[in-house]
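Engineer: Below you will find the structure I want to go over with you.
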Amino acid sequence: RKRTVGRARRMSPSFYLSLLLTGSASAALLAPGATTRRDVGKLAAAVIAGGTATAVSADEKKVRKFSTTEGGVKYFDVKEGNGYSPNPGQIVVLKYDGYLANGKKFDSWQAPGKGIFSAKFRANPPQMLPGWEEALETMKEGGTRIIQVPPSLAYGEKGLCLSVRNENGECPEPLLVPPNEKLQYELTLMRVALDPARL
């Protein structure tokens with residue numbers, strides 16, 4: 001009996017994000033350039049082996065690779081924007097999804113009570129995570145970027161507590177983000193605008 005070979009299965013973005021591993025072996029950071037499970041497996045193996053990790057898109061026929069900011073944020077562009085990049089004091093308007101190191105989503109602009117996020121870029125005091133600001137500095141409007149943020153540019157040694165900590169600095173409920181957690185975000189920069197207070 002003749003065996004029919006079908007098309008390779010195309011995986012969804014949520015599948016790729018769920019592949020996040022701790023340490024440097026992050027298939028999720030690489031996977032948007034791959035189109036099948038076999039591609040993802042090869043990429044993950046390359047990272048674990050310590051090699052240079054690149055991914056070739058079957059549609060775009062171009063090589064994608066990690067970049068790293070001076071502060072240590074790893075990133076690559078799923079989609080490159082063609083608008084403005086933010087300058088200090090401007091307002092950035094974002095969609096975002098946040099994932100723990102085990103791949104669990106812990107925050108999203110689509111979560112109940114949330115929405116599209118807007119804040120002043122490079123404000124004093126800061127209005128967003130330092131890791132976000134490093135990643136946004138080179139993004140353009142309309143772009144989507146996957147970033148991996150080290151603990152020092154996220155929630156650090158204390159993690160993230162949604163309640164008021166007691167006098168000993170302890171959280172009365174389980175932490176939303178554990179201490180020293182490396183985080184992954186998908187950021188979409190929708191718009192860059194002037195601060196209304198400066199108009």
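Identifiers for the structure tokens are assigned positionally: chains receive A, B, ... in sequence, residues are indexed from 1 per chain, and ligands are indexed from 1 in the order shown.
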List every residue of region 91-164 of chain A that has an atom at most 10 Å from any atom of region 169-175 of chain A, giving for each one its closest atom pair and the distance in Å to one decimal, counting only C-alpha atoms, sorted by chain and then by ascending residue number, as JSON lines.
Structural biologist:
```
{"residue": "A:Lys158", "atom": "CA", "partner": "A:Gly169", "partner_atom": "CA", "distance": 8.8}
{"residue": "A:Gly159", "atom": "CA", "partner": "A:Leu175", "partner_atom": "CA", "distance": 6.7}
{"residue": "A:Leu160", "atom": "CA", "partner": "A:Leu175", "partner_atom": "CA", "distance": 5.7}
{"residue": "A:Cys161", "atom": "CA", "partner": "A:Leu175", "partner_atom": "CA", "distance": 5.0}
{"residue": "A:Leu162", "atom": "CA", "partner": "A:Leu175", "partner_atom": "CA", "distance": 7.4}
{"residue": "A:Ser163", "atom": "CA", "partner": "A:Cys171", "partner_atom": "CA", "distance": 6.7}
{"residue": "A:Val164", "atom": "CA", "partner": "A:Cys171", "partner_atom": "CA", "distance": 7.0}
```
Engineer: Output N, CA, C and O atoms for every residue in the selection just made, as a PDB file, in the first residue's frame.
Structural biologist:
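What ended up in again22.pdb:
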```pdb
ATOM      1  N   LYS A 158      13.870  39.443  45.140  1.00  0.00           N
ATOM      2  CA  LYS A 158      12.620  39.437  45.904  1.00  0.00           C
ATOM      3  C   LYS A 158      11.461  38.795  45.146  1.00  0.00           C
ATOM      4  O   LYS A 158      10.483  38.368  45.753  1.00  0.00           O
ATOM      5  N   GLY A 159      11.528  38.746  43.834  1.00  0.00           N
ATOM      6  CA  GLY A 159      10.405  38.243  43.063  1.00  0.00           C
ATOM      7  C   GLY A 159       9.281  39.262  43.028  1.00  0.00           C
ATOM      8  O   GLY A 159       9.457  40.432  43.397  1.00  0.00           O
ATOM      9  N   LEU A 160       8.097  38.830  42.607  1.00  0.00           N
ATOM     10  CA  LEU A 160       6.956  39.739  42.502  1.00  0.00           C
ATOM     11  C   LEU A 160       5.822  39.273  43.412  1.00  0.00           C
ATOM     12  O   LEU A 160       5.298  38.172  43.275  1.00  0.00           O
ATOM     13  N   CYS A 161       5.462  40.140  44.365  1.00  0.00           N
ATOM     14  CA  CYS A 161       4.365  39.875  45.296  1.00  0.00           C
ATOM     15  C   CYS A 161       3.224  40.833  44.967  1.00  0.00           C
ATOM     16  O   CYS A 161       3.441  42.045  44.851  1.00  0.00           O
ATOM     17  N   LEU A 162       2.015  40.312  44.832  1.00  0.00           N
ATOM     18  CA  LEU A 162       0.873  41.153  44.488  1.00  0.00           C
ATOM     19  C   LEU A 162       0.215  41.788  45.709  1.00  0.00           C
ATOM     20  O   LEU A 162      -0.634  42.665  45.581  1.00  0.00           O
ATOM     21  N   SER A 163       0.607  41.331  46.901  1.00  0.00           N
ATOM     22  CA  SER A 163       0.060  41.884  48.142  1.00  0.00           C
ATOM     23  C   SER A 163       1.122  42.735  48.841  1.00  0.00           C
ATOM     24  O   SER A 163       2.288  42.760  48.434  1.00  0.00           O
ATOM     25  N   VAL A 164       0.708  43.427  49.894  1.00  0.00           N
ATOM     26  CA  VAL A 164       1.653  44.215  50.680  1.00  0.00           C
ATOM     27  C   VAL A 164       2.482  43.259  51.536  1.00  0.00           C
ATOM     28  O   VAL A 164       1.939  42.419  52.258  1.00  0.00           O
TER      29      VAL A 164
END
```
Engineer: Got a sec: who's within 12 Å of Tyr84 (chain A), counting only C-alpha atoms, leaving out chain neighbours fewer than 2 positions off, as a list in words?
Structural biologist: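 Once the adjacent positions are removed, what remains is Glu80, Gly81, Asn82, Pro86, Asn87, Gln90, Ile91, Val92, Leu136, Glu137, Thr138, Met139, Lys140, Glu141, Gly142, Gly143, Leu189, Met190, Arg191, Val192, Ala193 and Leu194 of chain A.
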Engineer: Which of these residues is nearest to Tyr99 (chain A), using only C-alpha atoms: A:Pro196, A:Pro178, A:Gly113, A:Gly83?
Structural biologist: A:Pro178
Engineer: Report, in Å to a single decimal, how far apart CA of Ala123 (chain A) and CA of Phe66 (chain A) are.
Structural biologist: 27.3 Å
Engineer: Please identify all polymer residues within 12 Å of Ser108 (chain A), counting only C-alpha atoms, omitting same-chain residues fewer than 4 positions from it, and present them as a ChimeraX atom specification.
Structural biologist: /A:94-99,104,112-117,184-188
Engineer: Please, what distance in Å, to one decimal, runs between CA of Phe106 (chain A) and CA of Thr144 (chain A)?
Structural biologist: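 Interatomic distance, CA of Phe106 (chain A) to CA of Thr144 (chain A): 19.0 Å.
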Engineer: Provide the CA of Ser152 (chain A) to CA of Val78 (chain A) distance in Å, to one decimal place.
Structural biologist: 24.6 Å
